[in-house]
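**Student:** Input: one structure, supplied below.
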Amino acid sequence: MKGLAGFAFVIAGLAAAGGASAQTRTVRIATEGAYAPYNFTAAGGKLDGFEIDLANELCARMKAKCEIVQQDWDGIIPALQAGKYDAIMAGMNITAKRREVIEFSAPYVRETNGFGAAKDSPLAKLPDIARFDLGADEAATKKLVESMKPTLKGKTVGVQGSTIHANFMDKYFKDTLDIREYKTTEQHDLDLLAGRIDAIFASNAAERATFEKPDFKDYGLVGPKFVGDVFGVGVGVGMRKNEPELKKSFDDAIAAVKADGTLKTLSMKWFKADNVPQG
Amino acid sequence: MHAVELLGFGPAGWGAALLRAAATTVLVALLGFAAGAVFGGLAAWARIAGSAPLRWLADGYTTLLRGIPDLLVIYLFYFGGSAALTALAQAFGATGFVGVPALATGALALGLVSGAYQAEVYRGAYLAVHRGQMEAARAVGMSTPLMFRRVVAPLVLRYGVPGLGNVWQLVLKESALVSVTGLVEILRQSQIAAGSTREPFPFYLAAAALYLAVTTVSTYGFGRLELRTLRGVRRG
Amino acid sequence: MDFAFLGSTWLTLLSGLPLTLKLASGAVSCGFVLALAVAAMRVSGSRLLSGPAQAFVFAFRGTPLLVQVFLIYYGLGQFRPFLQEWGLWPFFRDAYWCALLALSLNTAAYSGEIIRGAIGSVPAGQIEAARACGMGRLTAARRIIGPIALRQALPAYSNEIISMVKATSLASIITLMEVTFIAQKLISQTFRAVEIFVCAGSIYLLVNVAITRAVWALEWWLSPHLRARPREPAALEAAHA
């Protein structure tokens, strides 16, 4: 019933768009506002970040009027399904599990994930691998994970709940680490600084943004940087299923910003690295 | 970074945002209290004068709402509310999703929770109304609606004011839970600021101070109201 | 309706119940001891004692519990060096103790007022009678004021216990894996928010109904003088006839 309604919504939207070309449709996009540099809240309460810039670029190309709304991370998919908004751009990775319930656009960012800890922490001795694909070679993955376990044994690690990072922890280090789940990455950052946890596990871009702040000068990225498997194929726009028109317009717009270099410019601006997904 | 600068009204300050958030808190609490008056009034009426099934329904409502965490009620409303409304709208032939703004969701959830408490206040106050006064109203030929308006309602209000004052304080504090739906009220704004600046202490302290200010003002207001409703009452 | 899903959800959520109960009972016990102190300070008649108690009650009843939780957990986390110096850090480091502290202080403020009201409701005549019999202040407090005040306070106090059980759900926000936390974790895996919240709600409801019943039983036990007298045997026989 929901799917049908969603379809009807798109048809209605298209009819409106087709009926009067001057009239643009409104797409409501949800973001978290607590996941720098993807999306965050600047002084005074204004939303800012890579995805805010990107959403505006995409909407300009989709000829749609965009409205960006803020939504807590752990309710972001249920609220999409409940019709609070039409799309999610909140650093959400495209995973098989999420694909069971929602639709994704093509990815617009792909980056690595790993631990962040104090520079003098025992975790700093973990092997520093620039990019390790968990899905590439099962035996190698198992070997690496086992080799990390003695160092990690008994440590407390903070992750944001309902994320691929929490899934990664559950899958590979459930019995080794004391895993704490937080509502936002900002909260685990605060607890890392307070010394309640030994490390955080998050996207490397988010960690870099945190560790740039003066308070965190003694902290840094440690250990291998992972991609693949639970991390999916990259970050994409989340939408309700059965809204093919909306998906197509997002896909086309993403292809356009990729082709004309806008996406790379934004990536360099916010991530200081080229995180544009290849292929 | 100094607390003064953080909480101030300059470009890096969150002062203005916090004050706006305080206005939202008061607004959502007022709406929630008003909605609660409707739910509570209906439930109290059902328990006093309703038929057996109505009484059970009202009993079930108060037991349920007072027995489960308000945080869950708000979550349920937020996620379940639009789905239910959408289904309802479709039953009437409408298409598309019915979105409910966070303010309305919050006010309704607060209304449901506070209604369960207000029902008890109204019922208790009604039971405190002297039977003789109602009999007197009947004896002078008042119809039921007129008696309700001229005799019962003013007396219920008089006896209920202290209880309603407590429920209002409750609603005001519960409104902090609405922050989980993304409504930018005092707590939400402080959370955002604490996360953004990595300075939780000054912002949560500011939030506590803002709530204290609102509760103090309203305690004073209810005190005045109580005095007003007691005009003409001889005190022992 | 998917009963298999509801059943398995319910069982999974039950695994969070021990922590929920531990938090609630811990907070109620610690809170009760603090509340006795608060009430004693309030009725002491000394402004030096009643002033701070009044300020404590004002601050904790005037602000939302969630703000208190955040202030104690994240707010005090900013003062680690200071707390370490005082040897308090091991306590504040742990989310469990922070949650317990916030809940206990909160319930102490409310219960303190309930106890104060109950003490105030003990008829002056009864206290005078106790004194006239030659009871000392402590004996009178233990034998006369205490039991009467307890009976008086029970209905309001049972509401306070129930609010504490409900309030433990806020601990989910500072990483404690109690019932609401597990509910949210399940939602992130299944995205079926409504069913899962309904299951979680039913668990809290059951606990609270059990508490209400237990308090009723206690009230009945404490009020022998209010119970209907047992019927006379003759009347019983007449009823059977």
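Naming works like this for the structure tokens: A, B, ... for the chains as they're shown, residue 1 at the start of each chain, ligands 1 onward in shown order.
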Just the residues within 8 Å of range 88-97 of chain C, please, counting only C-alpha atoms, with nothing from its chain fewer than 6 positions along; format it as a VMD selection string.

**Tutor:** (chain A and resid 195 to 196) or (chain C and resid 73 76 to 77 80 174 to 176)

**Student:** Using only all heavy atoms, please write the residues we just selected to a file, as a PDB file, in the first residue's frame.

**Tutor:**
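Saved as out.pdb:
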```pdb
ATOM      1  N   GLY A 195      37.957  10.251  27.967  1.00  0.00           N
ATOM      2  CA  GLY A 195      38.691   9.066  28.394  1.00  0.00           C
ATOM      3  C   GLY A 195      37.785   7.928  28.823  1.00  0.00           C
ATOM      4  O   GLY A 195      38.222   6.997  29.476  1.00  0.00           O
ATOM      5  N   ARG A 196      36.507   8.005  28.460  1.00  0.00           N
ATOM      6  CA  ARG A 196      35.620   6.903  28.807  1.00  0.00           C
ATOM      7  C   ARG A 196      35.812   5.727  27.864  1.00  0.00           C
ATOM      8  O   ARG A 196      35.456   4.605  28.192  1.00  0.00           O
ATOM      9  CB  ARG A 196      34.162   7.362  28.747  1.00  0.00           C
ATOM     10  CG  ARG A 196      33.755   8.238  29.911  1.00  0.00           C
ATOM     11  CD  ARG A 196      32.247   8.314  30.002  1.00  0.00           C
ATOM     12  NE  ARG A 196      31.843   9.141  31.125  1.00  0.00           N
ATOM     13  CZ  ARG A 196      31.402  10.405  31.008  1.00  0.00           C
ATOM     14  NH1 ARG A 196      31.298  10.948  29.824  1.00  0.00           N
ATOM     15  NH2 ARG A 196      31.066  11.082  32.080  1.00  0.00           N
TER      16      ARG A 196
ATOM     17  N   TYR C  73      26.512  13.321  32.566  1.00  0.00           N
ATOM     18  CA  TYR C  73      27.362  12.430  31.770  1.00  0.00           C
ATOM     19  C   TYR C  73      28.323  13.214  30.870  1.00  0.00           C
ATOM     20  O   TYR C  73      29.528  13.193  31.074  1.00  0.00           O
ATOM     21  CB  TYR C  73      26.494  11.472  30.951  1.00  0.00           C
ATOM     22  CG  TYR C  73      27.306  10.404  30.248  1.00  0.00           C
ATOM     23  CD1 TYR C  73      27.872   9.361  30.963  1.00  0.00           C
ATOM     24  CD2 TYR C  73      27.516  10.438  28.878  1.00  0.00           C
ATOM     25  CE1 TYR C  73      28.617   8.382  30.338  1.00  0.00           C
ATOM     26  CE2 TYR C  73      28.256   9.463  28.243  1.00  0.00           C
ATOM     27  CZ  TYR C  73      28.810   8.438  28.971  1.00  0.00           C
ATOM     28  OH  TYR C  73      29.553   7.478  28.335  1.00  0.00           O
ATOM     29  N   LEU C  76      29.911  16.766  32.851  1.00  0.00           N
ATOM     30  CA  LEU C  76      30.998  16.546  33.810  1.00  0.00           C
ATOM     31  C   LEU C  76      32.186  15.843  33.155  1.00  0.00           C
ATOM     32  O   LEU C  76      33.299  15.931  33.645  1.00  0.00           O
ATOM     33  CB  LEU C  76      30.499  15.755  35.021  1.00  0.00           C
ATOM     34  CG  LEU C  76      29.503  16.517  35.900  1.00  0.00           C
ATOM     35  CD1 LEU C  76      29.157  15.708  37.136  1.00  0.00           C
ATOM     36  CD2 LEU C  76      30.054  17.884  36.303  1.00  0.00           C
ATOM     37  N   GLY C  77      31.941  15.168  32.034  1.00  0.00           N
ATOM     38  CA  GLY C  77      33.035  14.521  31.302  1.00  0.00           C
ATOM     39  C   GLY C  77      34.101  15.517  30.885  1.00  0.00           C
ATOM     40  O   GLY C  77      35.262  15.171  30.694  1.00  0.00           O
ATOM     41  N   ARG C  80      37.414  16.077  33.407  1.00  0.00           N
ATOM     42  CA  ARG C  80      38.127  14.870  33.812  1.00  0.00           C
ATOM     43  C   ARG C  80      39.329  15.138  34.705  1.00  0.00           C
ATOM     44  O   ARG C  80      39.442  14.537  35.764  1.00  0.00           O
ATOM     45  CB  ARG C  80      38.548  14.061  32.582  1.00  0.00           C
ATOM     46  CG  ARG C  80      39.482  12.916  32.950  1.00  0.00           C
ATOM     47  CD  ARG C  80      39.551  11.868  31.907  1.00  0.00           C
ATOM     48  NE  ARG C  80      40.145  12.359  30.685  1.00  0.00           N
ATOM     49  CZ  ARG C  80      41.114  11.729  30.030  1.00  0.00           C
ATOM     50  NH1 ARG C  80      41.590  10.600  30.491  1.00  0.00           N
ATOM     51  NH2 ARG C  80      41.587  12.194  28.901  1.00  0.00           N
ATOM     52  N   ILE C 174      22.590   7.290  26.868  1.00  0.00           N
ATOM     53  CA  ILE C 174      24.024   7.305  27.182  1.00  0.00           C
ATOM     54  C   ILE C 174      24.610   5.886  27.167  1.00  0.00           C
ATOM     55  O   ILE C 174      25.334   5.500  28.074  1.00  0.00           O
ATOM     56  CB  ILE C 174      24.336   8.045  28.498  1.00  0.00           C
ATOM     57  CG1 ILE C 174      23.523   7.487  29.665  1.00  0.00           C
ATOM     58  CG2 ILE C 174      24.060   9.531  28.365  1.00  0.00           C
ATOM     59  CD1 ILE C 174      24.018   7.997  31.024  1.00  0.00           C
ATOM     60  N   THR C 175      24.282   5.139  26.135  1.00  0.00           N
ATOM     61  CA  THR C 175      24.920   3.856  25.755  1.00  0.00           C
ATOM     62  C   THR C 175      24.586   2.666  26.651  1.00  0.00           C
ATOM     63  O   THR C 175      25.202   1.618  26.498  1.00  0.00           O
ATOM     64  CB  THR C 175      26.470   3.943  25.680  1.00  0.00           C
ATOM     65  OG1 THR C 175      27.016   3.962  27.013  1.00  0.00           O
ATOM     66  CG2 THR C 175      26.942   5.166  24.923  1.00  0.00           C
ATOM     67  N   LEU C 176      23.643   2.788  27.586  1.00  0.00           N
ATOM     68  CA  LEU C 176      23.336   1.625  28.416  1.00  0.00           C
ATOM     69  C   LEU C 176      22.339   0.707  27.710  1.00  0.00           C
ATOM     70  O   LEU C 176      21.313   1.166  27.213  1.00  0.00           O
ATOM     71  CB  LEU C 176      22.780   2.078  29.767  1.00  0.00           C
ATOM     72  CG  LEU C 176      23.834   2.714  30.662  1.00  0.00           C
ATOM     73  CD1 LEU C 176      23.202   3.238  31.934  1.00  0.00           C
ATOM     74  CD2 LEU C 176      24.933   1.725  30.996  1.00  0.00           C
TER      75      LEU C 176
END
```

**Student:** Pick out the residues sitting within 7 Å of Leu212 in chain B, and hand them over as a count of residues only; count only C-alpha atoms, and ignore anything fewer than 3 positions along from it in its own chain.

**Tutor:** 6

**Student:** Would you write out, as CSV, a table of all residues in chain B that have an atom no more than 10 Å from an atom of chain C, listing for each the closest atom pair and the distance in Å to one decimal, considering only C-alpha atoms and ordering rows by chain and rising residue number?

**Tutor:**
```
residue,atom,partner,partner_atom,distance
B:Thr63,CA,C:Leu205,CA,8.4
B:Leu64,CA,C:Leu205,CA,6.9
B:Leu65,CA,C:Leu205,CA,8.9
B:Arg66,CA,C:Ile162,CA,8.3
B:Gly67,CA,C:Leu205,CA,4.8
B:Ile68,CA,C:Gly201,CA,5.3
B:Pro69,CA,C:Lys166,CA,4.4
B:Asp70,CA,C:Lys166,CA,7.4
B:Leu71,CA,C:Ser169,CA,7.2
B:Leu72,CA,C:Phe197,CA,6.4
B:Val73,CA,C:Gly201,CA,8.3
B:Tyr75,CA,C:Phe197,CA,7.6
B:Leu76,CA,C:Val194,CA,5.9
B:Phe77,CA,C:Val194,CA,8.8
B:Tyr78,CA,C:Val194,CA,9.4
B:Phe79,CA,C:Val194,CA,6.6
B:Gly80,CA,C:Val194,CA,5.8
B:Gly81,CA,C:Val194,CA,9.5
B:Ala83,CA,C:Val194,CA,9.6
B:Gln169,CA,C:Gly62,CA,7.7
B:Leu170,CA,C:Pro64,CA,8.7
B:Val171,CA,C:Pro64,CA,9.8
B:Leu172,CA,C:Pro64,CA,8.1
B:Lys173,CA,C:Pro64,CA,4.5
B:Glu174,CA,C:Pro64,CA,6.8
B:Ser175,CA,C:Pro64,CA,8.4
B:Ala176,CA,C:Pro64,CA,6.5
B:Leu177,CA,C:Leu66,CA,7.4
B:Ile186,CA,C:Val67,CA,9.7
B:Leu187,CA,C:Val67,CA,6.9
B:Ser190,CA,C:Val67,CA,9.4
B:Gln191,CA,C:Phe70,CA,8.8
B:Ala194,CA,C:Tyr74,CA,9.1
B:Arg198,CA,C:Gln78,CA,9.1
B:Glu199,CA,C:Gln78,CA,7.6
B:Pro200,CA,C:Gly75,CA,5.0
B:Phe201,CA,C:Gly75,CA,3.9
B:Pro202,CA,C:Gly75,CA,7.6
B:Phe203,CA,C:Gly75,CA,8.5
B:Tyr204,CA,C:Leu71,CA,5.5
B:Leu205,CA,C:Leu71,CA,6.8
B:Ala206,CA,C:Val67,CA,10.0
B:Ala207,CA,C:Val67,CA,7.2
B:Ala208,CA,C:Thr63,CA,5.7
B:Ala209,CA,C:Thr63,CA,8.0
B:Leu210,CA,C:Thr63,CA,8.6
B:Tyr211,CA,C:Thr63,CA,5.5
B:Leu212,CA,C:Gly62,CA,5.2
B:Ala213,CA,C:Gly62,CA,8.6
B:Val214,CA,C:Gly62,CA,8.6
B:Thr215,CA,C:Gly62,CA,5.9
B:Thr216,CA,C:Gly62,CA,7.7
B:Thr219,CA,C:Gly62,CA,9.9
```

**Student:** May I have the residues from that selection written out with N, CA and C atoms, as a compact mmCIF listing (two decimals), in the first residue's frame?

**Tutor:**
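Output saved as selection.txt:
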```txt
# COMPACT_ATOMS: atom_id res chain seq x y z
N THR B 63 -4.24 3.86 32.34
CA THR B 63 -3.28 2.86 32.79
C THR B 63 -2.13 2.73 31.80
N LEU B 64 -2.49 2.65 30.52
CA LEU B 64 -1.49 2.45 29.47
C LEU B 64 -0.50 3.62 29.43
N LEU B 65 -1.04 4.81 29.37
CA LEU B 65 -0.18 5.98 29.20
C LEU B 65 0.65 6.27 30.44
N ARG B 66 0.14 5.84 31.61
CA ARG B 66 0.93 6.09 32.80
C ARG B 66 1.90 4.95 33.05
N GLY B 67 1.76 3.86 32.31
CA GLY B 67 2.61 2.70 32.55
C GLY B 67 3.77 2.54 31.60
N ILE B 68 3.73 3.20 30.44
CA ILE B 68 4.85 3.03 29.52
C ILE B 68 5.64 4.33 29.42
N PRO B 69 6.96 4.20 29.20
CA PRO B 69 7.80 5.39 29.18
C PRO B 69 7.34 6.40 28.12
N ASP B 70 7.35 7.67 28.49
CA ASP B 70 6.90 8.71 27.58
C ASP B 70 7.78 8.78 26.34
N LEU B 71 9.04 8.41 26.53
CA LEU B 71 9.95 8.39 25.38
C LEU B 71 9.41 7.44 24.31
N LEU B 72 8.89 6.28 24.75
CA LEU B 72 8.34 5.31 23.80
C LEU B 72 7.07 5.86 23.14
N VAL B 73 6.25 6.57 23.93
CA VAL B 73 5.02 7.13 23.36
C VAL B 73 5.38 8.11 22.24
N TYR B 75 8.21 8.24 20.45
CA TYR B 75 8.75 7.49 19.31
C TYR B 75 7.61 6.85 18.50
N LEU B 76 6.68 6.22 19.22
CA LEU B 76 5.58 5.53 18.56
C LEU B 76 4.77 6.51 17.72
N PHE B 77 4.50 7.67 18.30
CA PHE B 77 3.73 8.67 17.61
C PHE B 77 4.45 9.15 16.38
N TYR B 78 5.75 9.34 16.56
CA TYR B 78 6.53 9.89 15.46
C TYR B 78 6.56 8.93 14.27
N PHE B 79 6.84 7.66 14.57
CA PHE B 79 6.95 6.70 13.47
C PHE B 79 5.60 6.16 13.04
N GLY B 80 4.72 5.94 14.03
CA GLY B 80 3.44 5.34 13.71
C GLY B 80 2.42 6.36 13.23
N GLY B 81 2.56 7.59 13.71
CA GLY B 81 1.56 8.62 13.43
C GLY B 81 1.32 8.86 11.96
N ALA B 83 2.20 7.03 9.42
CA ALA B 83 1.77 5.81 8.72
C ALA B 83 0.26 5.64 8.91
N GLN B 169 3.79 21.55 34.77
CA GLN B 169 5.24 21.42 35.00
C GLN B 169 5.74 20.12 34.35
N LEU B 170 4.92 19.09 34.48
CA LEU B 170 5.27 17.80 33.90
C LEU B 170 5.41 17.91 32.37
N VAL B 171 4.40 18.56 31.76
CA VAL B 171 4.42 18.71 30.30
C VAL B 171 5.65 19.49 29.86
N LEU B 172 5.95 20.55 30.61
CA LEU B 172 7.10 21.38 30.27
C LEU B 172 8.38 20.54 30.25
N LYS B 173 8.52 19.67 31.25
CA LYS B 173 9.73 18.87 31.32
C LYS B 173 9.71 17.72 30.30
N GLU B 174 8.52 17.16 30.09
CA GLU B 174 8.41 16.09 29.09
C GLU B 174 8.75 16.61 27.70
N SER B 175 8.49 17.89 27.49
CA SER B 175 8.72 18.45 26.15
C SER B 175 10.18 18.26 25.74
N ALA B 176 11.07 18.07 26.70
CA ALA B 176 12.47 17.83 26.36
C ALA B 176 12.62 16.53 25.57
N LEU B 177 11.71 15.58 25.82
CA LEU B 177 11.80 14.29 25.12
C LEU B 177 11.45 14.44 23.64
N ILE B 186 14.58 23.49 23.43
CA ILE B 186 15.76 23.84 24.24
C ILE B 186 16.82 22.73 24.26
N LEU B 187 16.39 21.51 24.58
CA LEU B 187 17.36 20.44 24.74
C LEU B 187 18.04 20.11 23.42
N SER B 190 20.58 22.64 22.53
CA SER B 190 21.78 22.52 23.35
C SER B 190 22.61 21.33 22.91
N GLN B 191 21.92 20.25 22.53
CA GLN B 191 22.63 19.06 22.06
C GLN B 191 23.41 19.37 20.80
N ALA B 194 26.28 21.57 21.74
CA ALA B 194 27.30 20.83 22.49
C ALA B 194 28.12 19.97 21.53
N ARG B 198 31.82 20.93 20.85
CA ARG B 198 32.48 19.99 21.77
C ARG B 198 32.57 20.58 23.18
N GLU B 199 31.60 21.40 23.54
CA GLU B 199 31.58 22.02 24.88
C GLU B 199 30.24 21.70 25.54
N PRO B 200 30.04 20.47 26.00
CA PRO B 200 28.70 20.12 26.51
C PRO B 200 28.28 20.86 27.76
N PHE B 201 29.24 21.10 28.67
CA PHE B 201 28.85 21.62 29.99
C PHE B 201 28.12 22.96 29.94
N PRO B 202 28.69 23.99 29.29
CA PRO B 202 27.97 25.28 29.31
C PRO B 202 26.58 25.19 28.68
N PHE B 203 26.45 24.37 27.63
CA PHE B 203 25.17 24.34 26.94
C PHE B 203 24.10 23.60 27.72
N TYR B 204 24.48 22.48 28.35
CA TYR B 204 23.47 21.77 29.14
C TYR B 204 23.11 22.57 30.38
N LEU B 205 24.09 23.31 30.90
CA LEU B 205 23.79 24.16 32.05
C LEU B 205 22.84 25.28 31.64
N ALA B 206 23.09 25.84 30.45
CA ALA B 206 22.20 26.89 29.94
C ALA B 206 20.79 26.32 29.74
N ALA B 207 20.72 25.08 29.23
CA ALA B 207 19.41 24.45 29.03
C ALA B 207 18.69 24.33 30.37
N ALA B 208 19.41 23.85 31.40
CA ALA B 208 18.79 23.69 32.71
C ALA B 208 18.30 25.04 33.22
N ALA B 209 19.10 26.10 33.01
CA ALA B 209 18.72 27.43 33.48
C ALA B 209 17.46 27.91 32.76
N LEU B 210 17.39 27.65 31.44
CA LEU B 210 16.20 28.08 30.69
C LEU B 210 14.95 27.37 31.20
N TYR B 211 15.06 26.06 31.43
CA TYR B 211 13.89 25.33 31.95
C TYR B 211 13.49 25.87 33.32
N LEU B 212 14.49 26.13 34.16
CA LEU B 212 14.19 26.66 35.50
C LEU B 212 13.47 28.00 35.40
N ALA B 213 13.93 28.82 34.45
CA ALA B 213 13.29 30.13 34.29
C ALA B 213 11.83 29.94 33.91
N VAL B 214 11.57 29.06 32.94
CA VAL B 214 10.19 28.87 32.50
C VAL B 214 9.34 28.27 33.63
N THR B 215 9.88 27.29 34.35
CA THR B 215 9.08 26.68 35.42
C THR B 215 8.82 27.69 36.55
N THR B 216 9.81 28.53 36.84
CA THR B 216 9.62 29.51 37.91
C THR B 216 8.51 30.49 37.55
N THR B 219 5.21 28.71 37.76
CA THR B 219 4.79 28.44 39.14
C THR B 219 4.14 29.70 39.72
```

**Student:** Please provide as number ranges by chain all residues within 12 Å of Leu192 in chain A, with the sequence filter that same-chain residues fewer than 3 positions apart are discarded (counting only C-alpha atoms).

**Tutor:** A: 115-118, 121, 156-159, 180, 182, 185-189, 195-201, 207, 210-211, 215-216, 218-220; B: 198; C: 74, 77-78, 80, 93

**Student:** For Tyr122 in chain B, which residue among B:Pro162, B:Gly232, B:Gly223, B:Gly50 is the nearest when counting only C-alpha atoms?

**Tutor:** B:Pro162

**Student:** Dump as a PyMOL selection string the residues of chain A that approach chain B to within 8 Å, counting only C-alpha atoms.

**Tutor:** chain A and resi 5-6+8-9+34+40-45+70-72+78-79+82-85+186-187+190

**Student:** Here is a test: counting only C-alpha atoms, which residue of C:Gly7, C:Gly112, C:Gly134, C:Gly87 is nearest to Val33 in chain C?

**Tutor:**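 Checking each candidate against Val33 in chain C, we get C:Gly112 as the closest.
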
**Student:** Give me the residues near Gly261 in chain A as a list in words, where near means some atom within 12 Å (using only C-alpha atoms) and where sequence neighbours in that chain fewer than 5 positions away do not count.

**Tutor:**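 With the cut-off at 12 Å, the set is Glu57, Ile254, Ala255, Ala256, Leu266, Ser267, Met268, Asp274 and Val276 of chain A.
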
**Student:** Can you write out the residues you just picked, keeping N, CA and C atoms, as an mmCIF file, in the first residue's frame?

**Tutor:**
```cif
data_model
loop_
_atom_site.group_PDB
_atom_site.id
_atom_site.type_symbol
_atom_site.label_atom_id
_atom_site.label_comp_id
_atom_site.auth_asym_id
_atom_site.auth_seq_id
_atom_site.Cartn_x
_atom_site.Cartn_y
_atom_site.Cartn_z
ATOM 1 N N GLU A 57 23.614 21.292 -5.350
ATOM 2 C CA GLU A 57 24.067 21.066 -6.734
ATOM 3 C C GLU A 57 23.130 20.095 -7.452
ATOM 4 N N ILE A 254 23.694 12.885 -10.256
ATOM 5 C CA ILE A 254 24.999 12.469 -9.726
ATOM 6 C C ILE A 254 25.975 12.231 -10.873
ATOM 7 N N ALA A 255 25.482 11.589 -11.942
ATOM 8 C CA ALA A 255 26.337 11.372 -13.111
ATOM 9 C C ALA A 255 26.815 12.717 -13.662
ATOM 10 N N ALA A 256 25.930 13.697 -13.662
ATOM 11 C CA ALA A 256 26.283 15.014 -14.201
ATOM 12 C C ALA A 256 27.356 15.703 -13.353
ATOM 13 N N LEU A 266 33.923 19.435 -4.775
ATOM 14 C CA LEU A 266 33.312 19.390 -3.449
ATOM 15 C C LEU A 266 34.069 18.433 -2.538
ATOM 16 N N SER A 267 34.501 17.296 -3.103
ATOM 17 C CA SER A 267 35.235 16.314 -2.314
ATOM 18 C C SER A 267 36.541 16.911 -1.811
ATOM 19 N N MET A 268 37.233 17.652 -2.701
ATOM 20 C CA MET A 268 38.495 18.272 -2.284
ATOM 21 C C MET A 268 38.228 19.333 -1.222
ATOM 22 N N ASP A 274 40.280 13.050 -2.892
ATOM 23 C CA ASP A 274 39.347 12.694 -3.956
ATOM 24 C C ASP A 274 38.630 11.404 -3.563
ATOM 25 N N VAL A 276 35.690 10.511 -4.855
ATOM 26 C CA VAL A 276 34.671 10.216 -5.865
ATOM 27 C C VAL A 276 34.725 8.725 -6.194
#
```

**Student:** Could you tell me, as a count of residues only, which residues of range 13-165 of chain A DSSP assigns to alpha helix (DSSP H) when given the backbone?

**Tutor:** 47

**Student:** Which residue out of A:Ala194, A:Ile29, A:Val257, A:Ile179 has the minimum interatomic distance to chain C when only C-alpha atoms are used?

**Tutor:**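 When distances to chain C are compared using only C-alpha atoms, the smallest one comes from A:Ala194.
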
**Student:** Per DSSP on the backbone, what are the strand (DSSP E) residues of range 68-259 of chain A, as a PyMOL selection string?

**Tutor:** chain A and resi 68-70+87-88+103-104+113-118+132-133+156-160+178-182+199-203+219-227+238-239

**Student:** If we count only C-alpha atoms, what is near range 152-159 of chain B at a cut-off of 6 Å, once residues fewer than 2 positions away on the same chain are taken out, given as a list in words?

**Tutor:** Ala125, Tyr126, Phe148, Arg149, Val161 and Thr229 of chain B

**Student:** Can those selected residues be exported to a file as an mmCIF file, in the first residue's frame so that it contains C-alpha atoms?

**Tutor:**
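Writing done, so here's selection-v4.cif:
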```cif
data_model
loop_
_atom_site.group_PDB
_atom_site.id
_atom_site.type_symbol
_atom_site.label_atom_id
_atom_site.label_comp_id
_atom_site.auth_asym_id
_atom_site.auth_seq_id
_atom_site.Cartn_x
_atom_site.Cartn_y
_atom_site.Cartn_z
ATOM 1 C CA ALA B 125 -11.946 17.823 41.210
ATOM 2 C CA TYR B 126 -15.394 16.784 39.966
ATOM 3 C CA PHE B 148 -22.042 22.377 33.618
ATOM 4 C CA ARG B 149 -21.046 25.795 32.350
ATOM 5 C CA VAL B 161 -5.854 24.326 39.607
ATOM 6 C CA THR B 229 -10.035 30.947 41.768
#
```

**Student:** Residues near Leu226 in chain C, anyone? I mean within 12 Å using only C-alpha atoms, not counting same-chain ones fewer than 6 positions away, as a PyMOL selection string.

**Tutor:** chain C and resi 151+219-220

**Student:** Please provide as a list in words all residues within 10 Å of Leu112 in chain B, with the sequence filter that same-chain residues fewer than 2 positions apart are discarded (counting only C-alpha atoms).

**Tutor:** Gly32, Phe33, Ala35, Gly36, Ala37, Val38, Phe39, Gly40, Tyr61, Thr62, Leu65, Asp70, Val73, Ile74, Phe77, Gly106, Ala107, Leu108, Ala109, Leu110, Ser114, Gly115, Ala116, Tyr117 and Gln118 of chain B

**Student:** Rounded to one decimal, what separation in Å do you get between CA of Ala55 in chain C and CA of Gly120 in chain C?

**Tutor:**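 For CA of Ala55 in chain C relative to CA of Gly120 in chain C, the distance reads 19.7 Å.
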
**Student:** Pick from A:Gly223, A:Pro150, A:Gly232, A:Gly161: nearest to chain C, with only C-alpha atoms counted?

**Tutor:** A:Gly161

**Student:** What does the distance from CA of Gly117 in chain C to CA of Val38 in chain C come to in Å, to one decimal?

**Tutor:**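 We find that CA of Gly117 in chain C and CA of Val38 in chain C lie 12.1 Å from each other.
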
**Student:** Restricting the calculation to only C-alpha atoms, which member of C:Gly146, C:Pro81, C:Met135, C:Glu160 is positioned closest to chain A?

**Tutor:**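 When distances to chain A are compared using only C-alpha atoms, the smallest one comes from C:Pro81.
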
**Student:** Give the answer as one residue: which of A:Asn204, A:Gln160, A:Gln278, A:Asn56 has the shortest atom-to-atom distance to chain C, using only C-alpha atoms?

**Tutor:** A:Gln160
